[in-house]
>>> print(open('protein00.csv').read())   # CSV, C-alpha atoms (C1' of nucleotides)
chain,number,residue,atom,x,y,z
A,1,MET,CA,2.0,18.5,-26.3
A,2,LEU,CA,0.6,15.0,-26.3
A,3,ASP,CA,2.8,14.1,-29.3
A,4,ASP,CA,5.9,15.0,-27.4
A,5,LEU,CA,4.8,12.9,-24.5
A,6,HIS,CA,4.2,9.8,-26.7
A,7,ALA,CA,7.6,10.3,-28.4
A,8,GLU,CA,9.4,10.4,-25.0
A,9,VAL,CA,7.5,7.4,-23.8
A,10,ALA,CA,8.3,5.5,-27.0
A,11,THR,CA,12.0,6.4,-26.4
A,12,ARG,CA,12.0,5.1,-22.9
A,13,LEU,CA,10.2,1.9,-23.8
A,14,ASP,CA,12.6,1.3,-26.7
A,15,ALA,CA,15.5,1.7,-24.3
A,16,ASP,CA,14.0,-1.2,-22.4
A,17,GLY,CA,13.5,-3.3,-25.5
A,18,GLN,CA,9.7,-2.8,-25.2
A,19,ARG,CA,7.1,-1.9,-27.8
A,20,TYR,CA,4.7,1.0,-27.5
A,21,THR,CA,1.5,-0.9,-28.2
A,22,THR,CA,-2.0,0.4,-28.6
A,23,ASN,CA,-2.9,-0.6,-25.1
A,24,ARG,CA,0.1,1.1,-23.6
A,25,ARG,CA,-0.5,4.2,-25.5
A,26,GLN,CA,-4.1,4.3,-24.3
A,27,ILE,CA,-3.0,3.9,-20.7
A,28,VAL,CA,-0.5,6.7,-21.0
A,29,THR,CA,-3.1,8.9,-22.6
A,30,ILE,CA,-5.6,8.2,-19.8
A,31,LEU,CA,-3.0,8.9,-17.1
A,32,ASP,CA,-2.0,12.1,-18.8
A,33,ALA,CA,-5.6,13.4,-18.9
A,34,ALA,CA,-6.1,12.7,-15.2
A,35,ASP,CA,-5.4,15.3,-12.5
A,36,ARG,CA,-4.7,12.6,-9.9
A,37,PRO,CA,-3.2,9.2,-9.7
A,38,LEU,CA,-5.6,6.5,-11.0
A,39,THR,CA,-6.5,3.1,-9.6
A,40,ILE,CA,-6.7,0.1,-11.9
A,41,ALA,CA,-10.4,0.3,-11.7
A,42,ASP,CA,-10.2,4.0,-12.9
A,43,ILE,CA,-8.1,2.9,-15.8
A,44,LEU,CA,-10.4,0.0,-16.7
A,45,ASP,CA,-13.6,1.9,-16.3
A,46,GLY,CA,-15.7,0.7,-19.2
A,47,ARG,CA,-12.9,0.8,-21.8
A,48,GLY,CA,-12.8,-2.9,-22.5
A,49,LEU,CA,-9.1,-3.4,-21.5
A,50,ALA,CA,-8.3,-6.6,-19.8
A,51,GLN,CA,-7.4,-6.3,-16.2
A,52,SER,CA,-4.3,-8.5,-16.5
A,53,SER,CA,-3.0,-6.5,-19.5
A,54,VAL,CA,-3.4,-3.3,-17.5
A,55,TYR,CA,-1.4,-4.7,-14.6
A,56,ARG,CA,1.2,-6.1,-16.9
A,57,ASN,CA,1.5,-2.9,-18.9
A,58,LEU,CA,1.8,-0.7,-15.9
A,59,ALA,CA,4.6,-3.0,-14.6
A,60,VAL,CA,6.4,-2.6,-18.0
A,61,LEU,CA,5.8,1.2,-17.9
A,62,GLU,CA,7.0,1.5,-14.4
A,63,THR,CA,10.2,-0.4,-15.2
A,64,ALA,CA,10.8,2.0,-18.1
A,65,ARG,CA,10.2,4.9,-15.7
A,66,VAL,CA,7.2,6.1,-17.6
A,67,VAL,CA,4.7,5.7,-14.7
A,68,HIS,CA,5.0,5.7,-11.0
A,69,ARG,CA,3.1,3.7,-8.4
A,70,VAL,CA,1.5,5.6,-5.5
A,71,THR,CA,0.2,3.9,-2.4
A,72,SER,CA,-2.7,5.2,-0.3
A,73,THR,CA,-4.5,4.1,2.8
A,74,ASP,CA,-7.0,1.8,1.1
A,75,GLY,CA,-5.8,-1.3,-0.6
A,76,PHE,CA,-5.7,0.0,-4.1
A,77,ALA,CA,-2.5,0.8,-6.0
A,78,ARG,CA,-2.6,4.1,-7.9
A,79,TYR,CA,-0.5,5.1,-10.9
A,80,GLU,CA,0.5,8.5,-12.4
A,81,LEU,CA,3.0,9.5,-15.1
A,82,ALA,CA,6.6,9.9,-13.9
A,83,GLU,CA,7.3,13.4,-12.6
A,84,ASP,CA,9.8,14.2,-15.2
A,85,LEU,CA,7.1,13.7,-17.8
A,86,THR,CA,4.7,16.0,-16.1
A,87,ASP,CA,5.4,18.5,-13.3
A,88,HIS,CA,6.7,18.0,-9.8
A,89,HIS,CA,3.8,17.9,-7.4
A,90,HIS,CA,2.5,16.5,-4.2
A,91,HIS,CA,-0.5,14.6,-2.9
A,92,LEU,CA,-3.4,15.3,-0.7
A,93,ILE,CA,-4.4,11.9,0.8
A,94,CYS,CA,-7.8,11.5,2.4
A,95,SER,CA,-7.4,9.4,5.6
A,96,ALA,CA,-11.0,8.4,5.5
A,97,CYS,CA,-11.6,7.2,1.9
A,98,GLY,CA,-8.1,7.0,0.4
A,99,ALA,CA,-8.8,9.5,-2.4
A,100,VAL,CA,-5.7,11.1,-3.7
A,101,SER,CA,-5.4,14.5,-5.5
A,102,ASP,CA,-2.5,16.7,-6.6
A,103,PHE,CA,-1.1,20.0,-5.3
A,104,THR,CA,2.0,22.1,-5.6
A,105,VAL,CA,4.1,24.2,-3.3
A,106,SER,CA,6.4,27.2,-3.9
A,107,PRO,CA,9.7,26.7,-5.7
A,108,GLN,CA,11.3,28.2,-2.6
A,109,LEU,CA,10.0,25.4,-0.4
A,110,GLU,CA,11.0,22.9,-3.0
A,111,ARG,CA,14.6,24.2,-2.9
A,112,THR,CA,14.6,23.9,0.8
A,113,LEU,CA,13.4,20.4,0.6
A,114,GLU,CA,16.0,19.5,-2.0
A,115,ARG,CA,18.8,20.8,0.3
A,116,ALA,CA,17.4,18.9,3.3
A,117,MET,CA,17.3,15.8,1.2
A,118,VAL,CA,20.9,16.1,0.2
A,119,ARG,CA,22.0,16.6,3.8
A,120,VAL,CA,20.0,13.5,5.0
A,121,SER,CA,21.5,11.4,2.3
A,122,ALA,CA,25.0,12.4,3.3
A,123,ASP,CA,24.2,11.7,6.9
A,124,THR,CA,22.6,8.3,6.5
A,125,GLY,CA,24.2,6.6,3.5
A,126,PHE,CA,20.8,6.3,2.0
A,127,ARG,CA,20.9,7.2,-1.7
A,128,ALA,CA,17.8,9.4,-2.1
A,129,GLU,CA,16.3,9.6,-5.6
A,130,HIS,CA,13.4,11.9,-4.8
A,131,HIS,CA,11.3,13.2,-2.0
A,132,ARG,CA,7.6,12.8,-1.3
A,133,LEU,CA,5.7,15.4,0.6
A,134,ASP,CA,2.1,14.5,1.2
A,135,LEU,CA,-0.7,16.0,3.2
A,136,VAL,CA,-2.9,13.6,5.0
A,137,GLY,CA,-6.3,14.7,6.2
A,138,ARG,CA,-9.9,14.8,5.2
A,139,CYS,CA,-11.0,15.5,1.6
A,140,ALA,CA,-13.9,17.9,1.0
A,141,ARG,CA,-16.3,14.9,0.7
A,142,CYS,CA,-15.2,13.3,4.0
A,143,ALA,CA,-14.6,16.3,6.1
B,1,MET,CA,9.6,5.9,30.2
B,2,LEU,CA,7.9,2.7,29.1
B,3,ASP,CA,5.4,3.0,32.0
B,4,ASP,CA,4.3,6.4,30.8
B,5,LEU,CA,3.8,5.0,27.3
B,6,HIS,CA,1.6,2.2,28.6
B,7,ALA,CA,-0.4,4.5,30.8
B,8,GLU,CA,-1.1,6.8,27.9
B,9,VAL,CA,-2.1,3.8,25.7
B,10,ALA,CA,-4.4,2.5,28.4
B,11,THR,CA,-6.0,5.9,28.6
B,12,ARG,CA,-6.6,6.1,24.8
B,13,LEU,CA,-8.0,2.5,24.7
B,14,ASP,CA,-10.2,3.2,27.6
B,15,ALA,CA,-11.6,6.3,25.9
B,16,ASP,CA,-12.6,4.0,23.1
B,17,GLY,CA,-14.1,1.4,25.4
B,18,GLN,CA,-11.3,-1.0,24.7
B,19,ARG,CA,-9.2,-3.1,27.1
B,20,TYR,CA,-5.4,-3.0,27.3
B,21,THR,CA,-4.9,-6.8,27.0
B,22,THR,CA,-1.6,-8.7,27.3
B,23,ASN,CA,-1.4,-9.1,23.5
B,24,ARG,CA,-2.0,-5.4,22.9
B,25,ARG,CA,0.6,-4.5,25.5
B,26,GLN,CA,3.0,-6.8,23.8
B,27,ILE,CA,2.4,-5.3,20.4
B,28,VAL,CA,2.9,-1.8,21.8
B,29,THR,CA,6.1,-2.8,23.5
B,30,ILE,CA,7.5,-4.4,20.3
B,31,LEU,CA,6.6,-1.3,18.2
B,32,ASP,CA,8.2,1.0,20.8
B,33,ALA,CA,11.4,-1.0,20.7
B,34,ALA,CA,11.7,-0.7,16.9
B,35,ASP,CA,13.5,2.1,15.1
B,36,ARG,CA,11.3,1.6,12.1
B,37,PRO,CA,7.7,0.7,11.2
B,38,LEU,CA,7.2,-3.0,11.5
B,39,THR,CA,5.3,-5.4,9.2
B,40,ILE,CA,2.9,-8.0,10.5
B,41,ALA,CA,5.6,-10.6,9.9
B,42,ASP,CA,8.1,-8.6,12.0
B,43,ILE,CA,5.6,-8.4,14.8
B,44,LEU,CA,4.7,-12.1,14.6
B,45,ASP,CA,8.3,-13.3,14.3
B,46,GLY,CA,8.5,-16.3,16.5
B,47,ARG,CA,6.5,-14.8,19.3
B,48,GLY,CA,3.5,-17.2,19.1
B,49,LEU,CA,0.9,-14.5,18.5
B,50,ALA,CA,-1.9,-15.4,16.2
B,51,GLN,CA,-1.8,-13.5,12.9
B,52,SER,CA,-5.5,-12.7,13.1
B,53,SER,CA,-5.2,-11.3,16.6
B,54,VAL,CA,-2.3,-9.0,15.5
B,55,TYR,CA,-4.4,-7.7,12.6
B,56,ARG,CA,-7.4,-7.2,14.8
B,57,ASN,CA,-5.4,-5.6,17.6
B,58,LEU,CA,-3.6,-3.2,15.3
B,59,ALA,CA,-7.0,-2.2,13.9
B,60,VAL,CA,-8.2,-1.4,17.4
B,61,LEU,CA,-5.0,0.4,18.3
B,62,GLU,CA,-5.2,2.4,15.1
B,63,THR,CA,-8.8,3.5,15.8
B,64,ALA,CA,-7.6,4.5,19.3
B,65,ARG,CA,-4.8,6.6,17.7
B,66,VAL,CA,-2.2,4.5,19.4
B,67,VAL,CA,-0.6,3.2,16.2
B,68,HIS,CA,-0.3,4.4,12.7
B,69,ARG,CA,-0.3,2.4,9.5
B,70,VAL,CA,2.5,3.2,6.9
B,71,THR,CA,2.4,2.0,3.3
B,72,SER,CA,5.5,1.2,1.3
B,73,THR,CA,6.1,0.0,-2.2
B,74,ASP,CA,5.9,-3.7,-1.5
B,75,GLY,CA,2.6,-5.2,-0.6
B,76,PHE,CA,3.1,-5.2,3.2
B,77,ALA,CA,1.4,-2.8,5.6
B,78,ARG,CA,3.7,-1.5,8.3
B,79,TYR,CA,2.8,-0.1,11.7
B,80,GLU,CA,4.5,2.3,14.1
B,81,LEU,CA,3.4,4.1,17.3
B,82,ALA,CA,1.5,7.3,16.7
B,83,GLU,CA,3.8,10.3,16.4
B,84,ASP,CA,2.5,12.0,19.5
B,85,LEU,CA,3.6,9.0,21.5
B,86,THR,CA,7.1,9.0,20.1
B,87,ASP,CA,8.7,11.9,18.2
B,88,HIS,CA,7.9,13.4,14.9
B,89,HIS,CA,10.0,11.8,12.2
B,90,HIS,CA,10.1,10.9,8.5
B,91,HIS,CA,10.8,7.8,6.5
B,92,LEU,CA,13.5,6.6,4.1
B,93,ILE,CA,11.8,4.2,1.7
B,94,CYS,CA,13.8,1.8,-0.4
B,95,SER,CA,12.4,1.7,-3.9
B,96,ALA,CA,14.0,-1.6,-4.5
B,97,CYS,CA,13.1,-3.7,-1.5
B,98,GLY,CA,10.5,-1.6,0.3
B,99,ALA,CA,12.4,-1.4,3.6
B,100,VAL,CA,11.5,1.6,5.7
B,101,SER,CA,13.7,3.4,8.3
B,102,ASP,CA,13.3,6.6,10.2
B,103,PHE,CA,15.0,10.0,10.1
B,104,THR,CA,14.4,13.5,11.3
B,105,VAL,CA,15.0,17.0,9.9
B,106,SER,CA,15.6,20.3,11.6
B,107,PRO,CA,12.9,22.0,13.6
B,108,GLN,CA,13.3,24.9,11.3
B,109,LEU,CA,12.4,22.9,8.2
B,110,GLU,CA,9.5,21.4,10.2
B,111,ARG,CA,8.2,24.9,10.9
B,112,THR,CA,8.4,25.8,7.3
B,113,LEU,CA,6.5,22.6,6.3
B,114,GLU,CA,3.8,23.4,8.9
B,115,ARG,CA,3.3,26.8,7.5
B,116,ALA,CA,3.1,25.5,3.9
B,117,MET,CA,0.6,22.9,5.0
B,118,VAL,CA,-1.7,25.6,6.6
B,119,ARG,CA,-1.5,27.6,3.4
B,120,VAL,CA,-2.4,24.6,1.1
B,121,SER,CA,-5.3,23.7,3.4
B,122,ALA,CA,-6.6,27.2,3.1
B,123,ASP,CA,-6.2,27.2,-0.7
B,124,THR,CA,-7.8,23.8,-1.4
B,125,GLY,CA,-10.5,23.1,1.2
B,126,PHE,CA,-8.7,19.9,2.2
B,127,ARG,CA,-8.5,19.6,6.0
B,128,ALA,CA,-4.9,18.6,6.6
B,129,GLU,CA,-4.2,16.6,9.7
B,130,HIS,CA,-0.5,16.1,9.3
B,131,HIS,CA,2.2,16.0,6.7
B,132,ARG,CA,4.4,13.2,5.5
B,133,LEU,CA,7.8,13.8,4.1
B,134,ASP,CA,9.5,10.7,2.8
B,135,LEU,CA,12.7,10.2,0.9
B,136,VAL,CA,12.6,7.5,-1.7
B,137,GLY,CA,15.7,5.9,-3.0
B,138,ARG,CA,18.1,3.0,-2.4
B,139,CYS,CA,18.9,1.7,1.0
B,140,ALA,CA,22.4,0.7,1.9
B,141,ARG,CA,21.8,-2.9,1.1
B,142,CYS,CA,20.2,-2.2,-2.3
B,143,ALA,CA,22.4,0.7,-3.5
C,1,DA,C1',-21.6,-15.8,34.5
C,2,DT,C1',-20.7,-12.6,31.0
C,3,DC,C1',-18.6,-10.8,27.2
C,4,DA,C1',-14.5,-9.1,25.0
C,5,DG,C1',-10.4,-11.3,23.2
C,6,DT,C1',-8.1,-15.2,21.1
C,7,DG,C1',-6.7,-18.7,17.7
C,8,DC,C1',-7.6,-21.6,13.9
C,9,DA,C1',-9.3,-22.0,9.4
C,10,DA,C1',-12.1,-20.5,5.8
C,11,DA,C1',-13.3,-16.5,2.9
C,12,DC,C1',-12.4,-12.4,0.5
C,13,DT,C1',-9.9,-8.9,-2.3
C,14,DT,C1',-6.2,-7.3,-5.0
C,15,DT,C1',-2.6,-8.7,-7.7
C,16,DT,C1',0.1,-12.2,-10.4
C,17,DT,C1',0.6,-16.0,-13.4
C,18,DG,C1',-0.4,-19.9,-17.0
C,19,DC,C1',-1.8,-20.7,-21.3
C,20,DA,C1',-3.8,-20.5,-25.8
C,21,DC,C1',-4.8,-17.1,-29.3
C,22,DC,C1',-3.9,-12.8,-31.9
C,23,DG,C1',-1.4,-9.4,-34.4
C,24,DC,C1',2.2,-6.4,-35.5
C,25,DA,C1',7.2,-6.3,-37.2
D,1,DT,C1',6.2,-16.3,-39.7
D,2,DG,C1',8.0,-15.5,-35.2
D,3,DC,C1',7.6,-13.5,-30.9
D,4,DG,C1',5.8,-10.3,-27.9
D,5,DG,C1',1.1,-8.8,-26.4
D,6,DT,C1',-3.6,-9.9,-25.1
D,7,DG,C1',-7.5,-11.9,-22.6
D,8,DC,C1',-9.6,-15.3,-20.0
D,9,DA,C1',-9.4,-18.0,-16.0
D,10,DA,C1',-6.9,-20.0,-12.3
D,11,DA,C1',-3.6,-19.2,-8.6
D,12,DA,C1',-1.1,-16.5,-5.2
D,13,DA,C1',-0.5,-13.2,-1.5
D,14,DG,C1',-2.1,-10.3,2.1
D,15,DT,C1',-5.9,-9.3,4.8
D,16,DT,C1',-10.5,-10.0,6.9
D,17,DT,C1',-14.1,-12.7,8.9
D,18,DG,C1',-16.8,-16.8,11.2
D,19,DC,C1',-16.9,-19.5,15.0
D,20,DA,C1',-16.0,-21.9,19.1
D,21,DC,C1',-13.0,-21.6,23.1
D,22,DT,C1',-10.6,-18.9,26.8
D,23,DG,C1',-10.0,-15.7,30.3
D,24,DA,C1',-10.4,-11.6,32.8
D,25,DT,C1',-13.8,-8.7,35.4
>>> encode(input="protein00.csv", output="structure tokens")
Amino acid sequence: MLDDLHAEVATRLDADGQRYTTNRRQIVTILDAADRPLTIADILDGRGLAQSSVYRNLAVLETARVVHRVTSTDGFARYELAEDLTDHHHHLICSACGAVSDFTVSPQLERTLERAMVRVSADTGFRAEHHRLDLVGRCARCA
Amino acid sequence: MLDDLHAEVATRLDADGQRYTTNRRQIVTILDAADRPLTIADILDGRGLAQSSVYRNLAVLETARVVHRVTSTDGFARYELAEDLTDHHHHLICSACGAVSDFTVSPQLERTLERAMVRVSADTGFRAEHHRLDLVGRCARCA
DNA sequence: ATCAGTGCAAACTTTTTGCACCGCA
DNA sequence: TGCGGTGCAAAAAGTTTGCACTGAT
């Protein structure tokens, strides 16, 4: 439900004392429709948004835990909706061109990872918030 | 053995038609001594190396598969020795300050991850070269 | 002597910021 | 009507490149 998504985003922004403006709604809608994290250029792409507004709004949305920044091998930041607004997933990262796409693994493996994460946190004093499992290799186009 | 490391690095550079110069050797030695991926600033740190030489040498070393570039949340690239020159390990990434440190998991979990990786590659057509399991959270200083 | 490597400084790319204007509460 | 949001342009930050000099083979 897109309405549910927007309602939840509005709640999170409100909790941060931020408004849910037209531009911000548009960015959230664009990210929700994508099946991969998007670069700034992807988000701008002929939609007439100002670059600076996109950067600023993504920063606001990130602080409100609505979006999440992903880094790849090229110099471009990428953004996706926070995992608790979509589903937990992982990334295939192309080591040649930096393209990023999504994939999932079995719930069983996820549970194993969760347990490992808890153990490492206990061992190191690092307070883990979430894990990140990526596969790095060649995408179909670069293989 | 540091000598073994340098011998292997020399071999890899030679295979790429590159020399193992004093600066390159120094960079490898610095990376080998660190227990975490280092930023350019870390590598420069009062050692009198020229910034551009460090960038250029890291690019050469990366092409020769001697070093590996790691990305974090801050804007700084980080470098570490390639995993087959050290040990396979993972990263704790601080979501507040971008600091990166190393950790390892059980061989058992590694095997499970390897198997999952092969399965995903088969399913998606993505040619996975290696996996990356990071824990994102707060480091001891930022917690 | 040659040619890759080096260091300085300038250029480039992505991201951030200043400032005046606009628009919703 | 006030204050946050917007867009343009300028600035900042990290990285890359041009060029003349150095040094190893």
>>> closest_atom_pairs(input="protein00.csv", of="chain B", to="chain C", cutoff="9 Å", atoms="only C-alpha atoms (C1' of nucleotides)", output="tab-separated table")
residue	atom	partner	partner_atom	distance
B:Gln18	CA	C:DA4	C1'	8.7
B:Arg19	CA	C:DA4	C1'	8.3
B:Thr21	CA	C:DG5	C1'	8.1
B:Leu49	CA	C:DG7	C1'	8.7
B:Ala50	CA	C:DG7	C1'	6.0
B:Gln51	CA	C:DG7	C1'	8.6
B:Ser52	CA	C:DG7	C1'	7.7
B:Ser53	CA	C:DT6	C1'	6.6
>>> calpha_fit_and_write(input="protein00.csv", fixed="chain A", moving="chain B", output="compact mmCIF listing (two decimals) with C-alpha atoms, in the coordinates of the input")
# COMPACT_ATOMS: atom_id res chain seq x y z
CA MET B 1 1.97 18.55 -26.32
CA LEU B 2 0.54 15.05 -26.30
CA ASP B 3 2.77 14.09 -29.28
CA ASP B 4 5.87 15.03 -27.35
CA LEU B 5 4.69 12.91 -24.42
CA HIS B 6 4.20 9.88 -26.65
CA ALA B 7 7.51 10.34 -28.38
CA GLU B 8 9.31 10.48 -25.07
CA VAL B 9 7.43 7.34 -23.86
CA ALA B 10 8.30 5.51 -27.05
CA THR B 11 11.91 6.43 -26.53
CA ARG B 12 11.96 5.13 -22.90
CA LEU B 13 10.17 1.86 -23.91
CA ASP B 14 12.50 1.38 -26.75
CA ALA B 15 15.51 1.78 -24.46
CA ASP B 16 14.08 -1.09 -22.49
CA GLY B 17 13.40 -3.21 -25.55
CA GLN B 18 9.70 -2.75 -25.19
CA ARG B 19 7.07 -1.84 -27.81
CA TYR B 20 4.70 1.13 -27.55
CA THR B 21 1.49 -0.89 -28.21
CA THR B 22 -2.04 0.51 -28.63
CA ASN B 23 -2.96 -0.55 -25.07
CA ARG B 24 0.12 1.10 -23.59
CA ARG B 25 -0.56 4.26 -25.56
CA GLN B 26 -4.07 4.23 -24.26
CA ILE B 27 -2.99 3.83 -20.68
CA VAL B 28 -0.52 6.69 -21.04
CA THR B 29 -3.13 8.92 -22.58
CA ILE B 30 -5.65 8.18 -19.78
CA LEU B 31 -3.02 8.86 -17.05
CA ASP B 32 -2.01 12.12 -18.76
CA ALA B 33 -5.60 13.28 -18.83
CA ALA B 34 -6.06 12.72 -15.08
CA ASP B 35 -5.37 15.32 -12.41
CA ARG B 36 -4.70 12.60 -9.92
CA PRO B 37 -3.15 9.12 -9.69
CA LEU B 38 -5.55 6.57 -11.01
CA THR B 39 -6.41 3.09 -9.65
CA ILE B 40 -6.62 0.04 -11.84
CA ALA B 41 -10.40 0.33 -11.65
CA ASP B 42 -10.26 3.96 -12.86
CA ILE B 43 -8.12 2.91 -15.77
CA LEU B 44 -10.33 -0.07 -16.65
CA ASP B 45 -13.61 1.83 -16.28
CA GLY B 46 -15.70 0.71 -19.15
CA ARG B 47 -12.91 0.84 -21.67
CA GLY B 48 -12.78 -2.93 -22.44
CA LEU B 49 -9.15 -3.39 -21.44
CA ALA B 50 -8.30 -6.63 -19.79
CA GLN B 51 -7.37 -6.23 -16.12
CA SER B 52 -4.33 -8.47 -16.51
CA SER B 53 -3.03 -6.51 -19.46
CA VAL B 54 -3.34 -3.21 -17.48
CA TYR B 55 -1.38 -4.73 -14.59
CA ARG B 56 1.24 -6.12 -16.90
CA ASN B 57 1.49 -2.93 -18.94
CA LEU B 58 1.82 -0.70 -15.91
CA ALA B 59 4.60 -3.00 -14.68
CA VAL B 60 6.43 -2.52 -17.96
CA LEU B 61 5.81 1.21 -17.99
CA GLU B 62 7.02 1.46 -14.42
CA THR B 63 10.28 -0.39 -15.20
CA ALA B 64 10.70 2.01 -18.16
CA ARG B 65 10.24 4.98 -15.76
CA VAL B 66 7.20 6.09 -17.65
CA VAL B 67 4.77 5.68 -14.75
CA HIS B 68 5.02 5.75 -11.05
CA ARG B 69 3.11 3.71 -8.51
CA VAL B 70 1.55 5.64 -5.49
CA THR B 71 0.25 3.92 -2.37
CA SER B 72 -2.63 5.25 -0.32
CA THR B 73 -4.37 4.08 2.79
CA ASP B 74 -6.92 1.85 1.12
CA GLY B 75 -5.77 -1.31 -0.50
CA PHE B 76 -5.61 0.03 -4.09
CA ALA B 77 -2.39 0.83 -5.95
CA ARG B 78 -2.57 4.04 -7.94
CA TYR B 79 -0.49 5.08 -10.93
CA GLU B 80 0.51 8.43 -12.41
CA LEU B 81 2.98 9.51 -15.12
CA ALA B 82 6.54 9.88 -13.92
CA GLU B 83 7.24 13.36 -12.58
CA ASP B 84 9.76 14.21 -15.25
CA LEU B 85 7.06 13.72 -17.84
CA THR B 86 4.60 15.99 -16.10
CA ASP B 87 5.49 18.48 -13.34
CA HIS B 88 6.70 17.95 -9.87
CA HIS B 89 3.79 17.86 -7.47
CA HIS B 90 2.57 16.45 -4.15
CA HIS B 91 -0.47 14.58 -2.97
CA LEU B 92 -3.43 15.26 -0.69
CA ILE B 93 -4.43 11.91 0.79
CA CYS B 94 -7.80 11.42 2.39
CA SER B 95 -7.42 9.41 5.57
CA ALA B 96 -11.01 8.45 5.45
CA CYS B 97 -11.60 7.26 1.92
CA GLY B 98 -8.11 7.05 0.46
CA ALA B 99 -8.76 9.43 -2.44
CA VAL B 100 -5.66 11.12 -3.76
CA SER B 101 -5.41 14.53 -5.53
CA ASP B 102 -2.51 16.66 -6.56
CA PHE B 103 -1.09 19.99 -5.38
CA THR B 104 2.08 21.97 -5.67
CA VAL B 105 4.12 24.20 -3.34
CA SER B 106 6.42 27.10 -4.04
CA PRO B 107 9.71 26.61 -5.81
CA GLN B 108 11.32 28.09 -2.80
CA LEU B 109 10.01 25.41 -0.45
CA GLU B 110 11.03 22.83 -3.09
CA ARG B 111 14.59 24.16 -2.98
CA THR B 112 14.67 23.95 0.73
CA LEU B 113 13.38 20.31 0.63
CA GLU B 114 16.07 19.44 -1.95
CA ARG B 115 18.76 20.78 0.23
CA ALA B 116 17.45 18.92 3.32
CA MET B 117 17.27 15.74 1.30
CA VAL B 118 21.00 16.06 0.22
CA ARG B 119 21.95 16.61 3.83
CA VAL B 120 19.99 13.53 5.15
CA SER B 121 21.51 11.38 2.38
CA ALA B 122 24.93 12.46 3.45
CA ASP B 123 24.18 11.80 7.13
CA THR B 124 22.59 8.35 6.73
CA GLY B 125 24.16 6.55 3.76
CA PHE B 126 20.72 6.21 2.16
CA ARG B 127 20.86 7.15 -1.54
CA ALA B 128 17.85 9.39 -1.98
CA GLU B 129 16.30 9.49 -5.40
CA HIS B 130 13.46 11.86 -4.73
CA HIS B 131 11.29 13.17 -1.97
CA ARG B 132 7.61 12.81 -1.31
CA LEU B 133 5.66 15.37 0.57
CA ASP B 134 2.07 14.43 1.19
CA LEU B 135 -0.63 16.04 3.24
CA VAL B 136 -2.92 13.66 5.01
CA GLY B 137 -6.31 14.68 6.18
CA ARG B 138 -9.96 14.87 5.11
CA CYS B 139 -11.01 15.54 1.59
CA ALA B 140 -13.92 17.79 0.86
CA ARG B 141 -16.33 14.94 0.61
CA CYS B 142 -15.20 13.30 3.88
CA ALA B 143 -14.62 16.42 6.03
>>> interface_residues(input="protein00.csv", of="chain B", to="chain A", cutoff="10 Å", atoms="only C-alpha atoms", output="mmCIF file with C-alpha atoms, in the frame of the given file")
data_model
loop_
_atom_site.group_PDB
_atom_site.id
_atom_site.type_symbol
_atom_site.label_atom_id
_atom_site.label_comp_id
_atom_site.auth_asym_id
_atom_site.auth_seq_id
_atom_site.Cartn_x
_atom_site.Cartn_y
_atom_site.Cartn_z
ATOM 1 C CA ARG B 69 -0.300 2.400 9.500
ATOM 2 C CA VAL B 70 2.500 3.200 6.900
ATOM 3 C CA THR B 71 2.400 2.000 3.300
ATOM 4 C CA SER B 72 5.500 1.200 1.300
ATOM 5 C CA THR B 73 6.100 0.000 -2.200
ATOM 6 C CA ASP B 74 5.900 -3.700 -1.500
ATOM 7 C CA GLY B 75 2.600 -5.200 -0.600
ATOM 8 C CA ALA B 77 1.400 -2.800 5.600
ATOM 9 C CA HIS B 91 10.800 7.800 6.500
ATOM 10 C CA LEU B 92 13.500 6.600 4.100
ATOM 11 C CA ILE B 93 11.800 4.200 1.700
ATOM 12 C CA CYS B 94 13.800 1.800 -0.400
ATOM 13 C CA SER B 95 12.400 1.700 -3.900
ATOM 14 C CA SER B 101 13.700 3.400 8.300
ATOM 15 C CA PHE B 103 15.000 10.000 10.100
ATOM 16 C CA THR B 104 14.400 13.500 11.300
ATOM 17 C CA VAL B 105 15.000 17.000 9.900
ATOM 18 C CA SER B 106 15.600 20.300 11.600
ATOM 19 C CA LEU B 109 12.400 22.900 8.200
ATOM 20 C CA THR B 112 8.400 25.800 7.300
ATOM 21 C CA LEU B 113 6.500 22.600 6.300
ATOM 22 C CA ALA B 116 3.100 25.500 3.900
ATOM 23 C CA MET B 117 0.600 22.900 5.000
ATOM 24 C CA ARG B 119 -1.500 27.600 3.400
ATOM 25 C CA VAL B 120 -2.400 24.600 1.100
ATOM 26 C CA SER B 121 -5.300 23.700 3.400
ATOM 27 C CA ASP B 123 -6.200 27.200 -0.700
ATOM 28 C CA THR B 124 -7.800 23.800 -1.400
ATOM 29 C CA GLY B 125 -10.500 23.100 1.200
ATOM 30 C CA PHE B 126 -8.700 19.900 2.200
ATOM 31 C CA ARG B 127 -8.500 19.600 6.000
ATOM 32 C CA ALA B 128 -4.900 18.600 6.600
ATOM 33 C CA GLU B 129 -4.200 16.600 9.700
ATOM 34 C CA HIS B 130 -0.500 16.100 9.300
ATOM 35 C CA HIS B 131 2.200 16.000 6.700
ATOM 36 C CA ARG B 132 4.400 13.200 5.500
ATOM 37 C CA LEU B 133 7.800 13.800 4.100
ATOM 38 C CA ASP B 134 9.500 10.700 2.800
ATOM 39 C CA LEU B 135 12.700 10.200 0.900
ATOM 40 C CA VAL B 136 12.600 7.500 -1.700
ATOM 41 C CA GLY B 137 15.700 5.900 -3.000
ATOM 42 C CA ARG B 138 18.100 3.000 -2.400
ATOM 43 C CA CYS B 139 18.900 1.700 1.000
ATOM 44 C CA ALA B 140 22.400 0.700 1.900
ATOM 45 C CA ARG B 141 21.800 -2.900 1.100
ATOM 46 C CA CYS B 142 20.200 -2.200 -2.300
ATOM 47 C CA ALA B 143 22.400 0.700 -3.500
#
